[in-house]
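Reading through the structure tokens given below for one structure.
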Amino acid sequence: MCGITGWVNFNMDLSLQNEVIEKMTDTLKKRGPDGSGIWLSKHCALGHRRLIVIDPQGGSQPMIKKYGEKNFVIIHNGELYNMDELKNELISLGYIFKTRSDTEIILTSYIEWGPLCVKKFNGIFAFAIWDEVQNRLFIARDHLGIKPLFYTIKNGSLIFGSEIKAILAHPHVKPEIDSQGLAEIFVMGPSRTPGCGVFKDIKELKAGHYLIFTKNGVNINKYWSLQSIPHEDSLEKTAEKIRYLLKDSSVRQLVSDVPLCSLLSGGLDSTAVSFFANEELKQKGHKLITYSVDYVGNDKYFMPNEFQPSSDADWVKFVANKLDTNHNYVFIDNGELADALKPALYARDLPGMADIDSSLYLFLKEVKKGATVALSGEGADEVFGGYPWFRHKEALESHTFPWIRIVNERMKLLLPEVVKYIRPIEYLNDRYNEALNEVPKLNGEDPKNTRMREIFYLNITRFMPMLLDRMDRMSMAVGFEARVPFLDYRLVEYVWNIPWEMKNLNGREKGILRYALKGYIPNEVIERKKSPYPKTHNPVFKNIVKKWLKQIINDSTSPLLQLVDKKIVAELIETDAKAYDPAWFSQLMGSAQLFAYFVQINMWLKEYKISIV
């Protein structure tokens with residue numbers, strides 16, 4: 001797993017722009033602590049930072065293949081999980097490989113099949129290929145957007161990077177935000193509209209898309225999307241297919257030349273992935289290493305609620321013993337949790353999920369001491385329907401994103417002129433209607449299943465990307481690779497068309513997944529009510545961020561004061577923001593996270609020297 005960045009301009013000589021591309025590449029050092037490389041030509045400059053996972057000797061980048069006197073040059077971030085099949089197919093076509101690296105397989109696939117090579121890949125990837133034969137840049141992103149890729153077009157240049165910080169390091173790009181960026185932060189945030197980079201003129205290459213840049217400009221194409229077709233498999237056949245795809249995905253994703261582990265919460269999703277991985281490793285005489293996270297004081301302060309019905313601690317111990325894994329416990333200190341808001345912000349380049357981000361950053365920082373790759377249960381809730389809003393009548397009938405709550409109340413925290421500038425309700429409605437218009441309809445589907453298909457689409461394309469951003473940025477910020485077996489596109493395609501009555505089997509969240517796993521993972525876990533990623537319930541964290549926000553609004557130089565009503569925010573602090581509990585966003589972001597989110601916004605405006613235009 002790595003970091004990539006580049007600059008293409010057909011009207012400039014970039015062969016002497018070593019300093020610029022090195023500066024851009026250096027911003028991604030944490031994504032790739034094991035090595036770096038740059039490649040320069042007249043119209044293209046590429047930079048790469050490497051995290052070694054496969055083929056330590058042969059996988060260095062940028063990687064070059066010759067075609068006569070012409071070069072094909074690739075920089076790649078990600079992993080291919082069907083590399084053996086593709087390699088054998090390419091060998092049968094006469095190609096010779098010099099490395100064991102999946103990067104060479106991607107480059108060779110492009111040489112053979114051109115842009116449509118992406119349709120052959122199963123993996124997580126964002127890559128760029130400079131094609132001297134066609135005199136063009138080709139960049140692509142995986143089916144579900146697990147690996148990031150941002151770009152901008154300035155003064156005839158296309159400038160891109162794994163993270164926004166790489167683009168901001170280019171002298172043509174200024175850190176500016178306009179009304180759209182502010183609306184993304186205060187209305188949509190910490191989620192983000194697909195394709196929007198928040199910063200002015202910075203865009204995201206959407207999941208399942210590729211981009212070609214030539215002298216004639218930019219051409220963007222979608223190569224993959226969900227397709228709605230009737231589901232004709234029986235219950236038993238459906239369960240069998242789910243089990244096969246999840247097992248196959250989990251086993252494929254064990255490929256690694258460095259230590260690998262699983263992130264275990266004791267819930268259904270992480271237990272399933274850990275089970276299949278562990279069974280495969282046992283056949284090879286190994287035992288799966290697992291890690292779990294908790295917080296100092298949670299045993300004392302945890303209080304169950306609708307969104308978090310149970311603590312993970314006892315369940316982790318139970319599952320680790322049942323599966324017989326080598327388990328490791330990580331406990332996070334609440335003071336460190338607050339201090340880590342800053343590196344978490346830098347990792348995202350945007351205000352994020354507050355301590356939900358910083359805790360993952362600290363957790364994986366500890367895990368990195370014993371492993372470099374982890375399997376995660378991420379994505380199962382969006383694909384199978386695990387969240388409360390899949391079942392709440394009010395959420396289903398709300399005609400908006402069900403995880404974005406109390407927008408009008410939150411807008412009272414902003415200055416009136418800011419609210420007028422960003423048009424919050426209009427902006428939110430526009431983004432919601434855009435999303436609904438994308439949903440692939442199924443002719444003849446009844447209204448109930450039609451609405452549930454819409455809710456699943458919203459979750460997969462609008463909510464899940466925020467969590468994938470979180471997992472990618474927090475893991476890569478500590479030089480760590482996270483993999484997500486539930487998001488193998490084959491599994492997502494299949495489950496997408498399972499009707500709601502079957503997904504919601506027995507009236508349970510992820511009912512069909514529970515049914516499919518019966519007899520494989522402990523029945524106690526199958527019956528356990530869903531509980532999300534654990535957050536701190538210790539008042540220490542909330543008190544720290546509340547104190548910081550108070551200092552911010554009492555400092556006349558704080559950039560946040562350009563945007564918020566100081567008096568209203570002061571009142572919010574005095575009332576402990578109780579009106580925002582248990583959640584104003586998602587399941588996990590309540591009063592403590594509201595304080596932390598505003599602290600991060602101020603930090604972001606200040607540290608990134610952002611101009612509001």
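A note on labels: chains of the structure tokens are A, B, ... as shown, every chain counts residues from 1, and ligands are counted from 1 in their shown order.
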Which neighbours of range 124-131 of chain A fall inside 7 Å, counting only C-alpha atoms, when residues of the same chain fewer than 6 positions from it are skipped, and could you give them as a PyMOL selection string?
chain A and resi 71-80+137-142+146-149
Which polymer residues have any atom within 10 Å of an atom of range 552-561 of chain A, counting only C-alpha atoms, with same-chain residues fewer than 6 positions away left out, as a PyMOL selection string?
chain A and resi 414-415+546+567+569-570+598-606+609-611
Preceding selection exported with C-alpha atoms as an mmCIF file, in the first residue's frame:
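This is the output file again_0.cif:
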```
data_model
loop_
_atom_site.group_PDB
_atom_site.id
_atom_site.type_symbol
_atom_site.label_atom_id
_atom_site.label_comp_id
_atom_site.auth_asym_id
_atom_site.auth_seq_id
_atom_site.Cartn_x
_atom_site.Cartn_y
_atom_site.Cartn_z
ATOM 1 C CA LEU A 414 -23.374 29.611 12.488
ATOM 2 C CA LEU A 415 -23.460 33.299 11.687
ATOM 3 C CA LYS A 546 -15.073 21.429 25.643
ATOM 4 C CA LYS A 567 -22.636 33.845 21.788
ATOM 5 C CA VAL A 569 -21.523 28.534 20.838
ATOM 6 C CA ALA A 570 -20.748 29.846 24.335
ATOM 7 C CA PHE A 598 -15.600 22.407 15.895
ATOM 8 C CA VAL A 599 -12.129 22.184 17.414
ATOM 9 C CA GLN A 600 -10.988 20.325 14.285
ATOM 10 C CA ILE A 601 -12.611 22.874 11.975
ATOM 11 C CA ASN A 602 -10.706 25.693 13.678
ATOM 12 C CA MET A 603 -7.486 23.669 13.538
ATOM 13 C CA TRP A 604 -8.066 22.943 9.843
ATOM 14 C CA LEU A 605 -8.697 26.566 8.887
ATOM 15 C CA LYS A 606 -5.629 27.679 10.830
ATOM 16 C CA LYS A 609 -4.097 28.544 6.019
ATOM 17 C CA ILE A 610 -7.446 28.304 4.263
ATOM 18 C CA SER A 611 -9.003 31.306 2.542
#
```
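Minimum atom-to-atom distances from A:Val418, A:Ala338, A:Ile111, A:Ile159 to Lys70 in chain A were compared using only C-alpha atoms, and the lowest value belongs to A:Ile111.
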Near Tyr421 in chain A, within 12 Å and counting only C-alpha atoms, which residues show up once chain neighbours fewer than 2 positions away are dropped, as a PDB file with N, CA and C atoms, in the first residue's frame?
```pdb
ATOM      1  N   ASP A 178     -15.087  27.547  -0.914  1.00  0.00           N
ATOM      2  CA  ASP A 178     -16.185  28.445  -1.254  1.00  0.00           C
ATOM      3  C   ASP A 178     -17.460  27.940  -0.583  1.00  0.00           C
ATOM      4  N   SER A 179     -18.616  28.373  -1.071  1.00  0.00           N
ATOM      5  CA  SER A 179     -19.881  28.000  -0.426  1.00  0.00           C
ATOM      6  C   SER A 179     -20.101  26.493  -0.445  1.00  0.00           C
ATOM      7  N   GLN A 180     -19.707  25.834  -1.538  1.00  0.00           N
ATOM      8  CA  GLN A 180     -19.856  24.385  -1.598  1.00  0.00           C
ATOM      9  C   GLN A 180     -19.008  23.700  -0.528  1.00  0.00           C
ATOM     10  N   GLY A 181     -17.764  24.126  -0.391  1.00  0.00           N
ATOM     11  CA  GLY A 181     -16.886  23.538   0.617  1.00  0.00           C
ATOM     12  C   GLY A 181     -17.415  23.724   2.025  1.00  0.00           C
ATOM     13  N   LEU A 182     -17.933  24.932   2.313  1.00  0.00           N
ATOM     14  CA  LEU A 182     -18.493  25.190   3.644  1.00  0.00           C
ATOM     15  C   LEU A 182     -19.740  24.347   3.893  1.00  0.00           C
ATOM     16  N   ALA A 183     -20.568  24.172   2.854  1.00  0.00           N
ATOM     17  CA  ALA A 183     -21.756  23.336   2.995  1.00  0.00           C
ATOM     18  C   ALA A 183     -21.370  21.880   3.238  1.00  0.00           C
ATOM     19  N   PHE A 186     -20.292  21.846   7.063  1.00  0.00           N
ATOM     20  CA  PHE A 186     -21.301  22.107   8.096  1.00  0.00           C
ATOM     21  C   PHE A 186     -22.630  21.397   7.884  1.00  0.00           C
ATOM     22  N   MET A 411     -27.496  24.758  12.339  1.00  0.00           N
ATOM     23  CA  MET A 411     -27.277  26.004  11.600  1.00  0.00           C
ATOM     24  C   MET A 411     -27.375  27.234  12.501  1.00  0.00           C
ATOM     25  N   LEU A 414     -24.122  28.833  13.477  1.00  0.00           N
ATOM     26  CA  LEU A 414     -23.374  29.611  12.488  1.00  0.00           C
ATOM     27  C   LEU A 414     -23.886  31.039  12.416  1.00  0.00           C
ATOM     28  N   LEU A 415     -23.037  31.926  11.915  1.00  0.00           N
ATOM     29  CA  LEU A 415     -23.460  33.299  11.687  1.00  0.00           C
ATOM     30  C   LEU A 415     -24.537  33.326  10.602  1.00  0.00           C
ATOM     31  N   PRO A 416     -25.534  34.204  10.722  1.00  0.00           N
ATOM     32  CA  PRO A 416     -26.619  34.253   9.731  1.00  0.00           C
ATOM     33  C   PRO A 416     -26.130  34.415   8.300  1.00  0.00           C
ATOM     34  N   GLU A 417     -25.086  35.222   8.088  1.00  0.00           N
ATOM     35  CA  GLU A 417     -24.590  35.439   6.733  1.00  0.00           C
ATOM     36  C   GLU A 417     -23.945  34.168   6.157  1.00  0.00           C
ATOM     37  N   VAL A 418     -23.385  33.342   7.036  1.00  0.00           N
ATOM     38  CA  VAL A 418     -22.800  32.077   6.588  1.00  0.00           C
ATOM     39  C   VAL A 418     -23.915  31.126   6.161  1.00  0.00           C
ATOM     40  N   VAL A 419     -24.968  31.068   6.954  1.00  0.00           N
ATOM     41  CA  VAL A 419     -26.110  30.214   6.621  1.00  0.00           C
ATOM     42  C   VAL A 419     -26.702  30.629   5.280  1.00  0.00           C
ATOM     43  N   ARG A 423     -26.749  28.054   2.005  1.00  0.00           N
ATOM     44  CA  ARG A 423     -28.092  27.556   1.704  1.00  0.00           C
ATOM     45  C   ARG A 423     -28.237  26.098   2.178  1.00  0.00           C
ATOM     46  N   PRO A 424     -28.169  25.829   3.462  1.00  0.00           N
ATOM     47  CA  PRO A 424     -28.022  24.457   3.963  1.00  0.00           C
ATOM     48  C   PRO A 424     -29.126  23.489   3.546  1.00  0.00           C
ATOM     49  N   ILE A 425     -30.376  23.859   3.707  1.00  0.00           N
ATOM     50  CA  ILE A 425     -31.457  22.920   3.397  1.00  0.00           C
ATOM     51  C   ILE A 425     -31.538  22.670   1.893  1.00  0.00           C
ATOM     52  N   GLU A 426     -31.381  23.726   1.121  1.00  0.00           N
ATOM     53  CA  GLU A 426     -31.380  23.571  -0.330  1.00  0.00           C
ATOM     54  C   GLU A 426     -30.209  22.693  -0.778  1.00  0.00           C
ATOM     55  N   TYR A 427     -29.040  22.925  -0.175  1.00  0.00           N
ATOM     56  CA  TYR A 427     -27.853  22.131  -0.535  1.00  0.00           C
ATOM     57  C   TYR A 427     -28.071  20.664  -0.186  1.00  0.00           C
ATOM     58  N   LEU A 563     -17.080  32.153  11.149  1.00  0.00           N
ATOM     59  CA  LEU A 563     -18.173  31.296  10.698  1.00  0.00           C
ATOM     60  C   LEU A 563     -19.249  31.039  11.740  1.00  0.00           C
ATOM     61  N   ILE A 612     -11.393  31.708   2.645  1.00  0.00           N
ATOM     62  CA  ILE A 612     -12.790  31.523   2.270  1.00  0.00           C
ATOM     63  C   ILE A 612     -13.112  32.522   1.165  1.00  0.00           C
ATOM     64  N   VAL A 613     -13.531  32.013   0.009  1.00  0.00           N
ATOM     65  CA  VAL A 613     -13.715  32.884  -1.163  1.00  0.00           C
ATOM     66  C   VAL A 613     -15.180  32.928  -1.600  1.00  0.00           C
TER      67      VAL A 613
END
```
Using DSSP on the backbone, list every residue of range 218-390 of chain A that comes out as alpha helix (DSSP H), and give them as an NGL selection string.
:A and (235-252 or 268-283 or 298-301 or 313-323 or 334-339 or 341-348 or 355-367 or 380-384)
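Residues in contact with Val316 in chain A at up to 7 Å, not including ones fewer than 2 positions away on its chain and judged by only C-alpha atoms, are Leu264, Ser265, Gly266, Asp312, Ala313, Asp314, Phe318, Val319 and Ala320 of chain A.
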Skipping near chain neighbours, those fewer than 3 positions away, what residues fall within 12 Å of range 97-99 of chain A using only C-alpha atoms, listed as an MDAnalysis selection string?
chainID A and resid 54:61 63:65 86:88 90:94 102:109
Got time to write the residues from that selection, N, CA, C and O atoms, as a compact mmCIF listing (two decimals), in the first residue's frame?
```
# COMPACT_ATOMS: atom_id res chain seq x y z
N ILE A 54 4.05 -6.75 -0.63
CA ILE A 54 4.34 -7.89 -1.50
C ILE A 54 5.59 -7.59 -2.31
O ILE A 54 5.79 -6.46 -2.77
N ASP A 55 6.43 -8.60 -2.48
CA ASP A 55 7.66 -8.53 -3.29
C ASP A 55 8.56 -7.35 -2.89
O ASP A 55 8.68 -6.36 -3.61
N PRO A 56 9.20 -7.46 -1.72
CA PRO A 56 10.04 -6.35 -1.23
C PRO A 56 11.12 -5.92 -2.22
O PRO A 56 11.40 -4.72 -2.35
N GLN A 57 11.71 -6.88 -2.94
CA GLN A 57 12.80 -6.54 -3.85
C GLN A 57 12.29 -6.01 -5.19
O GLN A 57 12.86 -5.08 -5.77
N GLY A 58 11.22 -6.61 -5.71
CA GLY A 58 10.82 -6.33 -7.09
C GLY A 58 9.72 -5.31 -7.29
O GLY A 58 9.40 -4.96 -8.42
N GLY A 59 9.14 -4.81 -6.20
CA GLY A 59 7.96 -3.96 -6.35
C GLY A 59 8.20 -2.47 -6.33
O GLY A 59 7.25 -1.70 -6.14
N SER A 60 9.43 -2.04 -6.49
CA SER A 60 9.73 -0.60 -6.43
C SER A 60 9.02 0.16 -7.56
O SER A 60 8.84 -0.36 -8.66
N GLN A 61 8.66 1.40 -7.27
CA GLN A 61 7.96 2.26 -8.23
C GLN A 61 8.57 3.66 -8.21
O GLN A 61 9.20 4.01 -7.24
N MET A 63 7.29 2.12 -11.85
CA MET A 63 7.71 0.93 -12.59
C MET A 63 7.54 1.19 -14.08
O MET A 63 6.53 1.77 -14.50
N ILE A 64 8.53 0.77 -14.87
CA ILE A 64 8.56 1.09 -16.30
C ILE A 64 8.61 -0.19 -17.14
O ILE A 64 9.33 -1.12 -16.82
N LYS A 65 7.78 -0.21 -18.18
CA LYS A 65 7.90 -1.25 -19.20
C LYS A 65 8.09 -0.57 -20.56
O LYS A 65 7.43 0.43 -20.85
N LEU A 86 -4.73 -13.46 -13.27
CA LEU A 86 -4.38 -12.50 -14.32
C LEU A 86 -2.98 -12.75 -14.86
O LEU A 86 -2.75 -12.68 -16.07
N LYS A 87 -2.06 -13.04 -13.97
CA LYS A 87 -0.68 -13.29 -14.39
C LYS A 87 -0.61 -14.50 -15.33
O LYS A 87 0.07 -14.46 -16.38
N ASN A 88 -1.34 -15.57 -14.97
CA ASN A 88 -1.33 -16.77 -15.82
C ASN A 88 -1.94 -16.46 -17.19
O ASN A 88 -1.45 -16.95 -18.22
N LEU A 90 -1.96 -13.57 -18.74
CA LEU A 90 -1.02 -12.73 -19.49
C LEU A 90 0.20 -13.52 -19.97
O LEU A 90 0.70 -13.30 -21.08
N ILE A 91 0.65 -14.47 -19.14
CA ILE A 91 1.76 -15.35 -19.56
C ILE A 91 1.33 -16.17 -20.79
O ILE A 91 2.10 -16.35 -21.73
N SER A 92 0.07 -16.63 -20.77
CA SER A 92 -0.44 -17.41 -21.91
C SER A 92 -0.50 -16.58 -23.19
O SER A 92 -0.51 -17.12 -24.30
N LEU A 93 -0.54 -15.25 -23.03
CA LEU A 93 -0.56 -14.34 -24.18
C LEU A 93 0.85 -13.95 -24.62
O LEU A 93 1.02 -13.13 -25.53
N GLY A 94 1.85 -14.47 -23.90
CA GLY A 94 3.23 -14.24 -24.32
C GLY A 94 4.02 -13.25 -23.49
O GLY A 94 5.19 -12.98 -23.80
N ASP A 102 2.08 -7.17 -7.93
CA ASP A 102 0.81 -6.94 -8.63
C ASP A 102 0.86 -5.66 -9.46
O ASP A 102 0.09 -5.49 -10.41
N THR A 103 1.79 -4.77 -9.14
CA THR A 103 1.94 -3.54 -9.93
C THR A 103 2.32 -3.86 -11.37
O THR A 103 1.79 -3.27 -12.31
N GLU A 104 3.22 -4.83 -11.54
CA GLU A 104 3.61 -5.23 -12.90
C GLU A 104 2.43 -5.88 -13.63
O GLU A 104 2.29 -5.72 -14.85
N ILE A 105 1.59 -6.58 -12.89
CA ILE A 105 0.42 -7.21 -13.51
C ILE A 105 -0.57 -6.15 -14.00
O ILE A 105 -1.12 -6.25 -15.10
N ILE A 106 -0.77 -5.11 -13.20
CA ILE A 106 -1.67 -4.01 -13.60
C ILE A 106 -1.12 -3.32 -14.86
O ILE A 106 -1.86 -3.07 -15.82
N LEU A 107 0.18 -3.01 -14.86
CA LEU A 107 0.79 -2.32 -15.99
C LEU A 107 0.71 -3.18 -17.27
O LEU A 107 0.36 -2.69 -18.36
N THR A 108 1.00 -4.46 -17.12
CA THR A 108 0.94 -5.36 -18.28
C THR A 108 -0.50 -5.52 -18.78
O THR A 108 -0.74 -5.60 -19.99
N SER A 109 -1.44 -5.55 -17.85
CA SER A 109 -2.85 -5.63 -18.22
C SER A 109 -3.26 -4.42 -19.04
O SER A 109 -4.02 -4.53 -20.02
```
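Among the candidates A:Phe160, A:Tyr151, A:Phe275, A:Tyr295, the one nearest to Gly47 in chain A when counting only C-alpha atoms is A:Phe160.
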Contacts of Thr238 in chain A at 12 Å or less, counting only C-alpha atoms, minus same-chain residues fewer than 2 places along, as a PyMOL selection string?
chain A and resi 231-236+240-245+491+494-499+502-503+505+512-513+515-517
Got a sec: who's within 9 Å of range 444-457 of chain A, counting only C-alpha atoms, leaving out chain neighbours fewer than 6 positions off, as a PyMOL selection string?
chain A and resi 226+230+382-385+389-390+396+401-402+435-436+438+496-497+499-501
Using only C-alpha atoms, find each residue of range 334-386 of chain A with at least one atom at most 12 Å away from an atom of range 530-540 of chain A; report its shortest atom-to-atom pair and that distance in Å (one decimal), sort the rows by chain and rising residue number, and return the result as CSV.
```
residue,atom,partner,partner_atom,distance
A:Asn334,CA,A:Val540,CA,6.2
A:Gly335,CA,A:Val540,CA,7.2
A:Glu336,CA,A:Val540,CA,10.6
A:Leu337,CA,A:Thr536,CA,9.1
A:Ala338,CA,A:Val540,CA,9.3
A:Met353,CA,A:Lys535,CA,11.0
A:Ala354,CA,A:Lys535,CA,10.5
A:Asp355,CA,A:Lys535,CA,7.6
A:Ile356,CA,A:Lys535,CA,6.6
A:Asp357,CA,A:Lys535,CA,10.1
A:Ser358,CA,A:Lys535,CA,10.4
A:Ser359,CA,A:Lys535,CA,7.9
A:Leu360,CA,A:Tyr533,CA,9.5
A:Phe363,CA,A:Pro534,CA,11.6
A:Ser376,CA,A:Tyr533,CA,11.6
A:Gly377,CA,A:Tyr533,CA,10.5
A:Glu378,CA,A:Tyr533,CA,9.9
A:Gly379,CA,A:Pro532,CA,11.8
A:Ala380,CA,A:Lys530,CA,11.2
A:Asp381,CA,A:Lys530,CA,9.2
A:Gly385,CA,A:Lys530,CA,10.7
A:Gly386,CA,A:Lys530,CA,7.1
```
Dump all heavy atoms for the selected residues as a compact mmCIF listing (two decimals), in the first residue's frame?
```txt
# COMPACT_ATOMS: atom_id res chain seq x y z
N ASN A 334 -7.68 8.60 27.34
CA ASN A 334 -8.58 9.65 26.85
C ASN A 334 -7.87 10.97 26.58
O ASN A 334 -8.29 11.73 25.70
CB ASN A 334 -9.73 9.84 27.84
CG ASN A 334 -10.70 8.68 27.80
OD1 ASN A 334 -11.65 8.68 27.03
ND2 ASN A 334 -10.45 7.65 28.61
N GLY A 335 -6.81 11.24 27.31
CA GLY A 335 -6.03 12.43 27.01
C GLY A 335 -5.32 12.31 25.68
O GLY A 335 -5.31 13.24 24.86
N GLU A 336 -4.75 11.13 25.41
CA GLU A 336 -4.11 10.87 24.11
C GLU A 336 -5.13 10.94 22.99
O GLU A 336 -4.83 11.38 21.88
CB GLU A 336 -3.45 9.48 24.12
CG GLU A 336 -2.23 9.38 25.02
CD GLU A 336 -1.64 7.98 25.01
OE1 GLU A 336 -2.20 7.11 24.30
OE2 GLU A 336 -0.63 7.75 25.69
N LEU A 337 -6.35 10.50 23.28
CA LEU A 337 -7.43 10.52 22.28
C LEU A 337 -7.69 11.95 21.81
O LEU A 337 -7.85 12.20 20.61
CB LEU A 337 -8.69 9.93 22.90
CG LEU A 337 -9.89 9.67 22.00
CD1 LEU A 337 -9.55 8.63 20.94
CD2 LEU A 337 -11.08 9.20 22.84
N ALA A 338 -7.70 12.88 22.74
CA ALA A 338 -7.91 14.29 22.38
C ALA A 338 -6.69 14.83 21.62
O ALA A 338 -6.84 15.52 20.61
CB ALA A 338 -8.18 15.11 23.64
N MET A 353 -14.42 12.48 11.85
CA MET A 353 -15.33 11.93 12.86
C MET A 353 -14.77 12.07 14.27
O MET A 353 -15.05 11.25 15.15
CB MET A 353 -15.61 10.46 12.54
CG MET A 353 -16.30 10.24 11.21
SD MET A 353 -16.70 8.52 10.91
CE MET A 353 -18.11 8.29 12.01
N ALA A 354 -13.98 13.13 14.46
CA ALA A 354 -13.48 13.47 15.79
C ALA A 354 -12.75 12.28 16.42
O ALA A 354 -11.85 11.71 15.81
CB ALA A 354 -14.63 13.96 16.68
N ASP A 355 -13.15 11.88 17.64
CA ASP A 355 -12.44 10.81 18.32
C ASP A 355 -12.67 9.44 17.69
O ASP A 355 -11.92 8.50 17.95
CB ASP A 355 -12.86 10.76 19.80
CG ASP A 355 -14.35 10.54 19.98
OD1 ASP A 355 -15.12 11.30 19.37
OD2 ASP A 355 -14.75 9.63 20.72
N ILE A 356 -13.70 9.33 16.84
CA ILE A 356 -13.89 8.07 16.12
C ILE A 356 -12.73 7.88 15.15
O ILE A 356 -12.28 6.76 14.90
CB ILE A 356 -15.24 8.07 15.36
CG1 ILE A 356 -16.38 8.63 16.23
CG2 ILE A 356 -15.56 6.68 14.85
CD1 ILE A 356 -16.56 7.94 17.55
N ASP A 357 -12.23 8.98 14.61
CA ASP A 357 -11.01 8.94 13.78
C ASP A 357 -9.76 8.77 14.64
O ASP A 357 -8.93 7.90 14.38
CB ASP A 357 -10.86 10.25 12.98
CG ASP A 357 -11.75 10.30 11.75
OD1 ASP A 357 -12.45 9.32 11.48
OD2 ASP A 357 -11.74 11.34 11.08
N SER A 358 -9.61 9.64 15.64
CA SER A 358 -8.36 9.65 16.40
C SER A 358 -8.14 8.35 17.16
O SER A 358 -7.00 7.91 17.35
CB SER A 358 -8.30 10.85 17.35
OG SER A 358 -9.31 10.80 18.33
N SER A 359 -9.23 7.71 17.58
CA SER A 359 -9.09 6.42 18.27
C SER A 359 -8.58 5.35 17.32
O SER A 359 -7.74 4.53 17.69
CB SER A 359 -10.43 5.99 18.87
OG SER A 359 -11.41 5.83 17.86
N LEU A 360 -9.09 5.34 16.08
CA LEU A 360 -8.60 4.37 15.11
C LEU A 360 -7.14 4.63 14.78
O LEU A 360 -6.34 3.69 14.63
CB LEU A 360 -9.45 4.42 13.83
CG LEU A 360 -9.12 3.38 12.77
CD1 LEU A 360 -9.31 1.96 13.29
CD2 LEU A 360 -9.97 3.60 11.51
N PHE A 363 -5.21 3.29 17.73
CA PHE A 363 -5.34 1.83 17.75
C PHE A 363 -4.38 1.19 16.73
O PHE A 363 -3.58 0.32 17.07
CB PHE A 363 -6.80 1.47 17.45
CG PHE A 363 -7.08 0.00 17.28
CD1 PHE A 363 -6.44 -0.96 18.05
CD2 PHE A 363 -8.03 -0.43 16.36
CE1 PHE A 363 -6.72 -2.31 17.91
CE2 PHE A 363 -8.32 -1.77 16.21
CZ PHE A 363 -7.67 -2.72 16.97
N SER A 376 -10.54 -6.38 8.07
CA SER A 376 -11.53 -5.64 8.85
C SER A 376 -12.93 -6.04 8.41
O SER A 376 -13.14 -6.47 7.27
CB SER A 376 -11.31 -4.13 8.64
OG SER A 376 -12.47 -3.39 8.95
N GLY A 377 -13.90 -5.88 9.29
CA GLY A 377 -15.30 -6.18 8.96
C GLY A 377 -16.03 -4.99 8.36
O GLY A 377 -17.26 -5.03 8.20
N GLU A 378 -15.29 -3.94 8.00
CA GLU A 378 -15.90 -2.72 7.45
C GLU A 378 -16.76 -3.03 6.23
O GLU A 378 -16.40 -3.85 5.39
CB GLU A 378 -14.78 -1.75 7.04
CG GLU A 378 -15.21 -0.30 6.92
CD GLU A 378 -15.28 0.39 8.27
OE1 GLU A 378 -14.22 0.72 8.83
OE2 GLU A 378 -16.41 0.58 8.76
N GLY A 379 -17.89 -2.35 6.12
CA GLY A 379 -18.74 -2.43 4.94
C GLY A 379 -19.94 -3.35 5.07
O GLY A 379 -20.90 -3.22 4.31
N ALA A 380 -19.92 -4.27 6.02
CA ALA A 380 -21.02 -5.23 6.14
C ALA A 380 -22.35 -4.54 6.47
O ALA A 380 -23.41 -4.94 5.97
CB ALA A 380 -20.69 -6.28 7.20
N ASP A 381 -22.31 -3.52 7.30
CA ASP A 381 -23.55 -2.85 7.70
C ASP A 381 -24.22 -2.14 6.54
O ASP A 381 -25.45 -2.11 6.44
CB ASP A 381 -23.26 -1.84 8.82
CG ASP A 381 -22.96 -2.52 10.15
OD1 ASP A 381 -23.68 -3.46 10.48
OD2 ASP A 381 -22.00 -2.12 10.82
N GLY A 385 -27.35 -4.16 5.58
CA GLY A 385 -28.42 -3.45 6.27
C GLY A 385 -28.35 -3.56 7.78
O GLY A 385 -29.31 -4.02 8.42
N GLY A 386 -27.26 -3.08 8.36
CA GLY A 386 -27.08 -3.24 9.80
C GLY A 386 -27.49 -2.06 10.65
O GLY A 386 -27.67 -2.20 11.86
```
Any idea what the distance is between CA of His286 in chain A and CA of Asp324 in chain A?
11.2 Å
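Taking only C-alpha atoms into account, His143 in chain A lies nearest to A:Pro465 out of the set A:Gly189, A:Pro465, A:Gly161, A:Gly114.
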